[in-house]
>>> print(open('entry_2.cif').read())   # mmCIF, C-alpha atoms
data_start
loop_
_atom_site.label_atom_id
_atom_site.label_comp_id
_atom_site.auth_asym_id
_atom_site.auth_seq_id
_atom_site.Cartn_x
_atom_site.Cartn_y
_atom_site.Cartn_z
CA MET J 14 -28.20 66.04 80.44
CA LEU J 15 -26.60 68.44 77.91
CA GLN J 16 -23.45 66.35 77.95
CA PHE J 17 -25.52 63.18 77.24
CA ARG J 18 -27.31 64.86 74.31
CA SER J 19 -23.98 66.06 72.87
CA GLN J 20 -22.60 62.52 73.08
CA ILE J 21 -25.69 61.16 71.25
CA ALA J 22 -25.29 63.78 68.52
CA ARG J 23 -21.63 62.91 68.03
CA THR J 24 -22.46 59.20 67.94
CA GLY J 25 -25.18 59.84 65.35
CA ARG J 26 -22.83 61.85 63.15
CA THR J 27 -20.16 59.14 63.43
CA SER J 28 -22.66 56.40 62.57
CA HIS J 29 -23.93 58.44 59.63
CA ALA J 30 -20.40 58.98 58.35
CA THR J 31 -19.52 55.31 58.82
CA GLY J 32 -22.69 54.21 57.10
CA GLY J 33 -21.98 56.58 54.21
CA ALA J 34 -18.46 55.21 53.84
CA VAL J 35 -19.71 51.63 53.85
CA LEU J 36 -22.38 52.48 51.28
CA HIS J 37 -19.81 54.20 49.06
CA ALA J 38 -17.45 51.21 49.30
CA CYS J 39 -20.29 48.86 48.42
CA GLN J 40 -21.16 51.01 45.41
CA ARG J 41 -17.54 50.93 44.21
CA ARG J 42 -17.39 47.15 44.58
CA THR J 43 -20.68 46.78 42.77
CA ALA J 44 -19.44 48.97 39.91
CA ARG J 45 -16.26 46.90 39.62
CA SER J 46 -18.30 43.67 39.67
CA VAL J 47 -20.52 44.98 36.90
CA LYS J 48 -17.44 45.83 34.80
CA VAL J 49 -15.94 42.37 35.38
CA CYS J 50 -19.20 40.68 34.48
CA ALA J 51 -19.53 42.82 31.37
CA ALA J 52 -15.99 41.96 30.29
CA ALA J 53 -16.66 38.26 30.86
CA ALA J 54 -19.84 38.51 28.83
CA ASP J 55 -17.96 40.15 25.96
CA ALA J 56 -15.20 37.49 25.95
CA PRO J 57 -15.88 34.53 23.65
CA SER J 58 -16.71 31.31 25.49
CA THR J 59 -14.41 28.34 24.92
CA SER J 60 -16.33 25.93 27.15
CA GLY J 61 -17.58 22.85 25.40
CA ARG J 62 -14.98 23.11 22.62
CA ALA J 63 -12.75 20.18 21.71
CA ILE J 64 -9.93 22.73 21.33
CA PRO J 65 -10.62 25.35 24.05
CA ILE J 66 -8.90 28.40 22.58
CA ASP J 67 -9.95 31.96 21.77
CA THR J 68 -9.70 31.87 17.98
CA ALA J 69 -9.59 35.66 17.80
CA THR J 70 -6.37 35.96 19.80
CA VAL J 71 -4.21 32.90 18.99
CA ARG J 72 -1.53 33.57 16.41
CA ARG J 73 0.37 30.32 15.99
CA VAL J 74 0.33 26.63 16.79
CA LYS J 75 3.06 24.04 17.28
CA LEU J 76 2.63 20.53 15.90
CA ARG J 77 4.52 17.73 17.61
CA THR J 78 4.48 14.22 16.15
CA GLN J 79 4.36 11.28 18.54
CA LYS J 80 5.89 7.81 18.66
CA ASN J 81 2.83 5.68 17.83
CA CYS J 82 2.60 6.50 14.11
CA GLU J 83 2.39 4.14 11.12
CA LEU J 84 3.25 4.13 7.42
CA ALA J 85 2.50 1.73 4.58
CA VAL J 86 3.35 1.57 0.89
CA SER J 87 1.83 -0.79 -1.66
CA VAL J 88 0.79 -4.23 -0.39
CA TYR J 89 3.62 -4.47 2.13
CA PRO J 90 2.88 -4.65 5.86
CA MET J 91 2.51 -1.48 7.93
CA PHE J 92 5.63 0.08 9.38
CA ALA J 93 5.44 0.93 13.07
CA TYR J 94 6.96 4.39 13.07
CA ASN J 95 8.32 6.40 15.98
CA ALA J 96 8.03 10.03 14.84
CA LEU J 97 8.72 11.49 18.28
CA GLY J 98 10.63 14.75 18.03
CA GLY J 99 9.15 15.86 14.73
CA GLY J 100 6.94 18.87 14.09
CA GLY J 101 7.00 22.59 13.46
CA TRP J 102 5.19 25.92 13.78
CA ALA J 103 2.23 27.28 11.84
CA THR J 104 0.56 30.67 11.63
CA VAL J 105 -3.10 30.74 12.68
CA THR J 106 -5.87 32.79 11.05
CA ASP J 107 -9.38 33.02 12.46
CA GLU J 108 -12.03 32.17 9.84
CA GLY J 109 -15.03 32.45 12.16
CA GLN J 110 -17.51 29.89 13.48
CA GLY J 111 -14.77 28.26 15.56
CA ILE J 112 -12.61 27.43 12.52
CA VAL J 113 -8.98 28.47 12.12
CA ARG J 114 -6.71 28.17 9.12
CA VAL J 115 -3.17 26.94 9.82
CA GLN J 116 -0.20 27.26 7.51
CA PHE J 117 3.06 25.57 8.45
CA ASP J 118 6.49 26.72 7.43
CA ALA J 119 7.60 23.81 5.24
CA ASP J 120 11.27 24.72 5.67
CA GLY J 121 10.90 24.51 9.43
CA LEU J 122 8.98 21.22 9.50
CA VAL J 123 10.95 18.27 10.84
CA ILE J 124 9.83 14.69 10.18
CA PRO J 125 12.19 11.97 11.42
CA PRO J 126 13.44 9.57 8.72
CA LEU J 127 12.40 5.96 8.61
CA CYS J 128 15.43 3.90 9.56
CA TRP J 129 16.38 1.09 11.90
CA LYS J 130 16.03 3.48 14.87
CA THR J 131 12.49 4.64 14.10
CA ALA J 132 10.72 2.00 11.97
CA SER J 133 9.96 -1.68 12.29
CA ILE J 134 7.78 -4.38 10.73
CA PHE J 135 6.28 -6.96 13.11
CA GLY J 136 8.64 -5.68 15.78
CA VAL J 137 11.76 -6.12 13.67
CA PRO J 138 13.66 -2.91 12.81
CA ILE J 139 14.11 -2.26 9.10
CA PRO J 140 17.63 -3.26 8.12
CA PRO J 141 20.39 -0.70 7.82
CA PRO J 142 21.56 0.96 5.66
CA LEU J 143 17.99 1.45 4.35
CA ASN J 144 16.83 5.00 5.04
CA ILE J 145 13.73 6.91 3.94
CA ALA J 146 14.03 10.66 4.40
CA ILE J 147 10.80 12.67 4.39
CA LYS J 148 11.03 16.19 2.93
CA PRO J 149 7.84 18.22 3.56
CA GLN J 150 6.79 20.60 0.77
CA ARG J 151 3.46 21.80 2.13
CA LEU J 152 1.28 21.40 5.22
CA GLU J 153 -1.75 23.64 5.59
CA GLY J 154 -5.49 23.48 6.13
CA THR J 155 -8.18 24.02 8.74
CA MET J 156 -8.95 23.06 12.32
CA ASN J 157 -12.42 23.15 13.83
CA THR J 158 -12.00 24.13 17.48
CA ILE J 159 -15.58 23.14 18.30
CA THR J 160 -15.50 19.56 16.98
CA GLY J 161 -11.75 18.91 16.90
CA GLU J 162 -11.90 18.08 13.18
CA VAL J 163 -8.65 18.70 11.29
CA ASN J 164 -7.96 18.65 7.55
CA LEU J 165 -4.43 19.40 6.35
CA ASN J 166 -3.07 19.23 2.79
CA PHE J 167 0.29 17.48 2.97
CA ASP J 168 2.82 17.32 0.14
CA ALA J 169 6.18 15.64 0.61
CA GLU J 170 9.00 13.82 -1.10
CA PHE J 171 10.16 10.45 0.23
CA GLU J 172 13.81 9.77 -0.57
CA PHE J 173 14.95 6.14 -0.46
CA THR J 174 18.65 5.42 0.00
CA ALA J 175 20.67 2.32 0.81
CA GLY J 176 23.90 3.77 2.06
CA PRO J 177 26.17 5.25 -0.62
CA LEU J 178 25.32 2.48 -3.08
CA TYR J 179 21.78 3.39 -4.09
CA LYS J 180 19.59 6.49 -4.17
CA ALA J 181 16.17 6.38 -5.82
CA PRO J 182 14.35 9.34 -7.31
CA PRO J 183 12.00 10.80 -4.68
CA LEU J 184 8.51 9.43 -4.27
CA VAL J 185 6.08 12.33 -4.53
CA VAL J 186 3.21 12.05 -2.03
CA LYS J 187 0.21 14.37 -1.93
CA THR J 188 -2.57 13.62 0.51
CA LEU J 189 -5.17 15.09 2.83
CA LEU J 190 -4.33 14.35 6.44
CA THR J 191 -7.67 14.19 8.20
CA THR J 192 -9.18 13.24 11.52
CA GLY J 193 -11.99 11.64 9.49
CA THR J 194 -11.76 8.61 7.20
CA THR J 195 -9.38 8.08 4.29
CA GLN J 196 -9.35 5.28 1.75
CA GLY J 197 -7.12 4.16 -1.10
CA ARG J 198 -7.34 1.11 -3.33
CA PHE J 199 -5.82 -1.23 -0.76
CA ARG J 200 -6.12 0.46 2.59
CA LYS J 201 -8.57 2.39 4.74
CA ALA J 202 -8.10 4.20 8.03
CA THR J 203 -10.03 6.47 10.37
CA GLY J 204 -8.53 9.20 12.48
CA SER J 205 -9.75 10.78 15.70
CA PRO J 206 -10.55 14.44 16.50
CA VAL J 207 -8.18 16.61 18.46
CA VAL J 208 -9.21 16.53 22.13
CA ASN J 209 -7.06 17.99 24.90
CA GLY J 210 -4.52 18.87 22.24
CA VAL J 211 -4.01 15.34 20.85
CA GLY J 212 -5.47 13.82 17.69
CA LYS J 213 -4.87 11.14 15.05
CA LEU J 214 -4.62 12.17 11.41
CA VAL J 215 -4.75 9.71 8.51
CA GLY J 216 -4.08 10.14 4.81
CA ALA J 217 -4.08 7.87 1.77
CA ALA J 218 -2.32 8.83 -1.45
CA THR J 219 -1.52 7.44 -4.88
CA VAL J 220 2.20 7.23 -5.51
CA GLU J 221 3.16 7.46 -9.17
CA LYS J 222 6.11 5.83 -10.93
CA THR J 223 9.53 7.38 -10.38
CA GLY J 224 11.17 6.23 -13.60
CA ASP J 225 13.61 4.09 -11.64
CA ALA J 226 13.12 0.49 -12.82
CA PHE J 227 14.11 -1.12 -9.52
CA MET J 228 11.97 1.15 -7.32
CA ASP J 229 8.96 1.05 -9.63
CA THR J 230 9.08 -2.77 -9.69
CA PHE J 231 9.85 -3.26 -6.00
CA LEU J 232 6.95 -1.05 -4.86
CA MET J 233 4.69 -2.01 -7.76
CA LEU J 234 4.17 1.64 -8.69
CA PRO J 235 1.78 3.30 -9.16
CA THR J 236 0.32 2.21 -5.84
CA ASP J 237 -1.15 3.37 -2.54
CA ALA J 238 0.56 4.86 0.46
CA LEU J 239 -1.05 5.34 3.86
CA ALA J 240 0.10 7.52 6.73
CA ILE J 241 -1.23 7.44 10.29
CA MET J 242 0.08 10.31 12.36
CA VAL J 243 -0.58 10.89 16.05
CA ALA J 244 0.26 14.44 17.03
CA ASP J 245 -0.41 17.09 19.62
CA PHE J 246 -1.12 20.76 18.97
CA ALA J 247 -0.11 23.60 21.27
CA PHE J 248 -1.59 27.06 20.55
CA GLU J 249 -0.11 30.42 21.47
#
>>> encode(input="entry_2.cif", output="structure tokens")
Amino acid sequence: MLQFRSQIARTGRTSHATGGAVLHACQRRTARSVKVCAAAADAPSTSGRAIPIDTATVRRVKLRTQKNCELAVSVYPMFAYNALGGGGWATVTDEGQGIVRVQFDADGLVIPPLCWKTASIFGVPIPPPLNIAIKPQRLEGTMNTITGEVNLNFDAEFEFTAGPLYKAPPLVVKTLLTTGTTQGRFRKATGSPVVNGVGKLVGAATVEKTGDAFMDTFLMLPTDALAIMVADFAFE
């Protein structure tokens, strides 16, 4: 009988110790869960955003132009323009309310030239040796991560050459590339917001005379220019 009671006592102490250990483990897990939940609650939610990023932590974004772009000058037909391989990096600054300001390094921006390899009209490549080099001067503006709306001020010089025989003064283009609607005297276009990193930006601009008689007459300057740029944006 004494031996039986001693065994019961030992069993009770063991059960009590085991129960205490289980309770302590449960308390530790609960504490960790509370901390995790608290951290998740403190982190900004990106669900439901067109651009699902934490605007407080991203520092830069890479723009990459795609192949299904278009360009037009004056009353001439639209150029189909393959801008694949172009782009560059921008710094990102959080402005609050889901909006970030982006400023691209103009020296690092690459925009492929329009030539027989990249541009065509009605499926026919533009004839060599015609080449239009695009030299970016400025690209900066804002991106709304909630709606996907983008507005970028774009300044560039377009340099027309025809081999070594002819080089025109640069065409100066200043426009607002937007995912909204743009309109000039002759042309109108509507972009599309950035969703899943991809958007369509459009911009109309007035191109002034260059002082070159041939170029001013050929393009009927001053006139409109229209750019349609499909691009993707990758944030870091």
>>> closest_atom_pairs(input="entry_2.cif", of="region 147-186 of chain J", to="region 206-226 of chain J", cutoff="10 Å", atoms="only C-alpha atoms", output="JSON lines")
{"residue": "J:Met156", "atom": "CA", "partner": "J:Val207", "partner_atom": "CA", "distance": 8.9}
{"residue": "J:Asn157", "atom": "CA", "partner": "J:Val207", "partner_atom": "CA", "distance": 9.1}
{"residue": "J:Thr158", "atom": "CA", "partner": "J:Val207", "partner_atom": "CA", "distance": 8.5}
{"residue": "J:Ile159", "atom": "CA", "partner": "J:Val207", "partner_atom": "CA", "distance": 9.9}
{"residue": "J:Thr160", "atom": "CA", "partner": "J:Pro206", "partner_atom": "CA", "distance": 7.1}
{"residue": "J:Gly161", "atom": "CA", "partner": "J:Val207", "partner_atom": "CA", "distance": 4.5}
{"residue": "J:Glu162", "atom": "CA", "partner": "J:Pro206", "partner_atom": "CA", "distance": 5.1}
{"residue": "J:Val163", "atom": "CA", "partner": "J:Pro206", "partner_atom": "CA", "distance": 7.0}
{"residue": "J:Asn164", "atom": "CA", "partner": "J:Leu214", "partner_atom": "CA", "distance": 8.2}
{"residue": "J:Leu165", "atom": "CA", "partner": "J:Leu214", "partner_atom": "CA", "distance": 8.8}
{"residue": "J:Asn166", "atom": "CA", "partner": "J:Gly216", "partner_atom": "CA", "distance": 9.4}
{"residue": "J:Phe167", "atom": "CA", "partner": "J:Gly216", "partner_atom": "CA", "distance": 8.7}
{"residue": "J:Lys180", "atom": "CA", "partner": "J:Asp225", "partner_atom": "CA", "distance": 9.9}
{"residue": "J:Ala181", "atom": "CA", "partner": "J:Asp225", "partner_atom": "CA", "distance": 6.8}
{"residue": "J:Pro182", "atom": "CA", "partner": "J:Thr223", "partner_atom": "CA", "distance": 6.0}
{"residue": "J:Pro183", "atom": "CA", "partner": "J:Thr223", "partner_atom": "CA", "distance": 7.1}
{"residue": "J:Leu184", "atom": "CA", "partner": "J:Thr223", "partner_atom": "CA", "distance": 6.5}
{"residue": "J:Val185", "atom": "CA", "partner": "J:Val220", "partner_atom": "CA", "distance": 6.5}
{"residue": "J:Val186", "atom": "CA", "partner": "J:Val220", "partner_atom": "CA", "distance": 6.0}
>>> closest_residue(input="entry_2.cif", among="J:Pro142, J:Leu76, J:Tyr94, J:Leu84", to="Val123 (chain J)", atoms="all atoms listed in the file")
J:Leu76
>>> resolve_selection(input="entry_2.cif", expression="the PyMOL selection byres ((chain J and resi 197) around 12)", output="ChimeraX atom specification")
/J:85-88,188-189,194-196,198-202,215-220,236-240
>>> write_last_selection(input="entry_2.cif", atoms="C-alpha atoms", output="PDB file, keeping the file's coordinate frame")
ATOM      1  CA  ALA J  85       2.500   1.730   4.580  1.00  0.00           C
ATOM      2  CA  VAL J  86       3.350   1.570   0.890  1.00  0.00           C
ATOM      3  CA  SER J  87       1.830  -0.790  -1.660  1.00  0.00           C
ATOM      4  CA  VAL J  88       0.790  -4.230  -0.390  1.00  0.00           C
ATOM      5  CA  THR J 188      -2.570  13.620   0.510  1.00  0.00           C
ATOM      6  CA  LEU J 189      -5.170  15.090   2.830  1.00  0.00           C
ATOM      7  CA  THR J 194     -11.760   8.610   7.200  1.00  0.00           C
ATOM      8  CA  THR J 195      -9.380   8.080   4.290  1.00  0.00           C
ATOM      9  CA  GLN J 196      -9.350   5.280   1.750  1.00  0.00           C
ATOM     10  CA  ARG J 198      -7.340   1.110  -3.330  1.00  0.00           C
ATOM     11  CA  PHE J 199      -5.820  -1.230  -0.760  1.00  0.00           C
ATOM     12  CA  ARG J 200      -6.120   0.460   2.590  1.00  0.00           C
ATOM     13  CA  LYS J 201      -8.570   2.390   4.740  1.00  0.00           C
ATOM     14  CA  ALA J 202      -8.100   4.200   8.030  1.00  0.00           C
ATOM     15  CA  VAL J 215      -4.750   9.710   8.510  1.00  0.00           C
ATOM     16  CA  GLY J 216      -4.080  10.140   4.810  1.00  0.00           C
ATOM     17  CA  ALA J 217      -4.080   7.870   1.770  1.00  0.00           C
ATOM     18  CA  ALA J 218      -2.320   8.830  -1.450  1.00  0.00           C
ATOM     19  CA  THR J 219      -1.520   7.440  -4.880  1.00  0.00           C
ATOM     20  CA  VAL J 220       2.200   7.230  -5.510  1.00  0.00           C
ATOM     21  CA  THR J 236       0.320   2.210  -5.840  1.00  0.00           C
ATOM     22  CA  ASP J 237      -1.150   3.370  -2.540  1.00  0.00           C
ATOM     23  CA  ALA J 238       0.560   4.860   0.460  1.00  0.00           C
ATOM     24  CA  LEU J 239      -1.050   5.340   3.860  1.00  0.00           C
ATOM     25  CA  ALA J 240       0.100   7.520   6.730  1.00  0.00           C
TER      26      ALA J 240
END
>>> closest_residue(input="entry_2.cif", among="J:Ala69, J:Leu122, J:Val113, J:Ala169", to="Lys187 (chain J)", atoms="all atoms listed in the file")
J:Ala169
>>> residues_near_point(input="entry_2.cif", point="(-14.9, 34.3, 12.5)", cutoff="12 Å", atoms="only C-alpha atoms", output="list in words")
Pro57, Asp67, Thr68, Ala69, Thr70, Thr106, Asp107, Glu108, Gly109, Gln110, Gly111, Ile112, Val113, Arg114, Asn157 and Thr158 of chain J
>>> closest_residue(input="entry_2.cif", among="J:Ala103, J:Ala119, J:Leu190, J:Met233", to="Arg73 (chain J)", atoms="all atoms listed in the file")
J:Ala103
>>> resolve_selection(input="entry_2.cif", expression="the PyMOL selection byres ((chain J and resi 126) around 6)", output="CSV table (one decimal) with C-alpha atoms, keeping the file's coordinate frame")
chain,number,residue,atom,x,y,z
J,125,PRO,CA,12.2,12.0,11.4
J,127,LEU,CA,12.4,6.0,8.6
J,145,ILE,CA,13.7,6.9,3.9
J,146,ALA,CA,14.0,10.7,4.4
J,147,ILE,CA,10.8,12.7,4.4
>>> residues_around(input="entry_2.cif", residues="Cys82 (chain J)", least_positions_apart="4", cutoff="8 Å", atoms="all atoms listed in the file", output="ChimeraX atom specification")
/J:93-96,240-243
>>> write_last_selection(input="entry_2.cif", atoms="C-alpha atoms", output="PDB file, in the frame of the given file")
ATOM      1  CA  ALA J  93       5.440   0.930  13.070  1.00  0.00           C
ATOM      2  CA  TYR J  94       6.960   4.390  13.070  1.00  0.00           C
ATOM      3  CA  ASN J  95       8.320   6.400  15.980  1.00  0.00           C
ATOM      4  CA  ALA J  96       8.030  10.030  14.840  1.00  0.00           C
ATOM      5  CA  ALA J 240       0.100   7.520   6.730  1.00  0.00           C
ATOM      6  CA  ILE J 241      -1.230   7.440  10.290  1.00  0.00           C
ATOM      7  CA  MET J 242       0.080  10.310  12.360  1.00  0.00           C
ATOM      8  CA  VAL J 243      -0.580  10.890  16.050  1.00  0.00           C
TER       9      VAL J 243
END
>>> closest_residue(input="entry_2.cif", among="J:Val71, J:Ile124, J:Leu178, J:Val115", to="Leu97 (chain J)", atoms="only C-alpha atoms")
J:Ile124
>>> decode(input="entry_2.cif", residues="region 135-185 of chain J", atoms="C-alpha atoms", output="mmCIF file, in the first residue's frame")
data_model
loop_
_atom_site.group_PDB
_atom_site.id
_atom_site.type_symbol
_atom_site.label_atom_id
_atom_site.label_comp_id
_atom_site.auth_asym_id
_atom_site.auth_seq_id
_atom_site.Cartn_x
_atom_site.Cartn_y
_atom_site.Cartn_z
ATOM 1 C CA PHE J 135 2.494 50.239 -92.313
ATOM 2 C CA GLY J 136 4.872 47.338 -91.741
ATOM 3 C CA VAL J 137 7.610 48.752 -93.954
ATOM 4 C CA PRO J 138 10.898 49.622 -92.191
ATOM 5 C CA ILE J 139 12.014 53.227 -92.552
ATOM 6 C CA PRO J 140 14.709 53.395 -95.216
ATOM 7 C CA PRO J 141 18.371 53.474 -94.296
ATOM 8 C CA PRO J 142 20.418 55.563 -93.802
ATOM 9 C CA LEU J 143 17.689 57.576 -92.021
ATOM 10 C CA ASN J 144 18.306 57.548 -88.269
ATOM 11 C CA ILE J 145 16.636 59.443 -85.424
ATOM 12 C CA ALA J 146 18.637 59.391 -82.204
ATOM 13 C CA ILE J 147 16.794 60.257 -78.995
ATOM 14 C CA LYS J 148 18.829 62.063 -76.328
ATOM 15 C CA PRO J 149 16.960 62.297 -72.989
ATOM 16 C CA GLN J 150 17.486 65.496 -70.996
ATOM 17 C CA ARG J 151 15.009 64.947 -68.170
ATOM 18 C CA LEU J 152 12.583 62.303 -66.927
ATOM 19 C CA GLU J 153 10.972 62.794 -63.533
ATOM 20 C CA GLY J 154 7.580 62.951 -61.878
ATOM 21 C CA THR J 155 5.208 60.981 -59.679
ATOM 22 C CA MET J 156 3.689 57.526 -59.457
ATOM 23 C CA ASN J 157 0.538 56.721 -57.507
ATOM 24 C CA THR J 158 0.976 53.204 -56.137
ATOM 25 C CA ILE J 159 -2.711 52.961 -55.208
ATOM 26 C CA THR J 160 -4.207 53.797 -58.625
ATOM 27 C CA GLY J 161 -1.240 53.093 -60.903
ATOM 28 C CA GLU J 162 -1.364 56.638 -62.288
ATOM 29 C CA VAL J 163 1.972 57.942 -63.589
ATOM 30 C CA ASN J 164 2.958 61.453 -64.682
ATOM 31 C CA LEU J 165 6.524 62.042 -65.864
ATOM 32 C CA ASN J 166 8.019 65.230 -67.317
ATOM 33 C CA PHE J 167 10.091 64.214 -70.326
ATOM 34 C CA ASP J 168 12.531 66.473 -72.168
ATOM 35 C CA ALA J 169 14.600 65.170 -75.055
ATOM 36 C CA GLU J 170 16.376 66.083 -78.262
ATOM 37 C CA PHE J 171 15.625 64.159 -81.455
ATOM 38 C CA GLU J 172 18.574 64.162 -83.852
ATOM 39 C CA PHE J 173 17.812 63.399 -87.510
ATOM 40 C CA THR J 174 20.636 62.164 -89.720
ATOM 41 C CA ALA J 175 20.829 60.616 -93.170
ATOM 42 C CA GLY J 176 24.202 58.970 -93.127
ATOM 43 C CA PRO J 177 27.181 61.329 -93.397
ATOM 44 C CA LEU J 178 25.386 63.554 -95.897
ATOM 45 C CA TYR J 179 22.843 65.313 -93.700
ATOM 46 C CA LYS J 180 22.425 66.180 -90.032
ATOM 47 C CA ALA J 181 19.582 68.425 -88.896
ATOM 48 C CA PRO J 182 19.579 70.578 -85.791
ATOM 49 C CA PRO J 183 17.939 68.640 -82.948
ATOM 50 C CA LEU J 184 14.195 68.731 -82.469
ATOM 51 C CA VAL J 185 13.490 69.796 -78.903
#
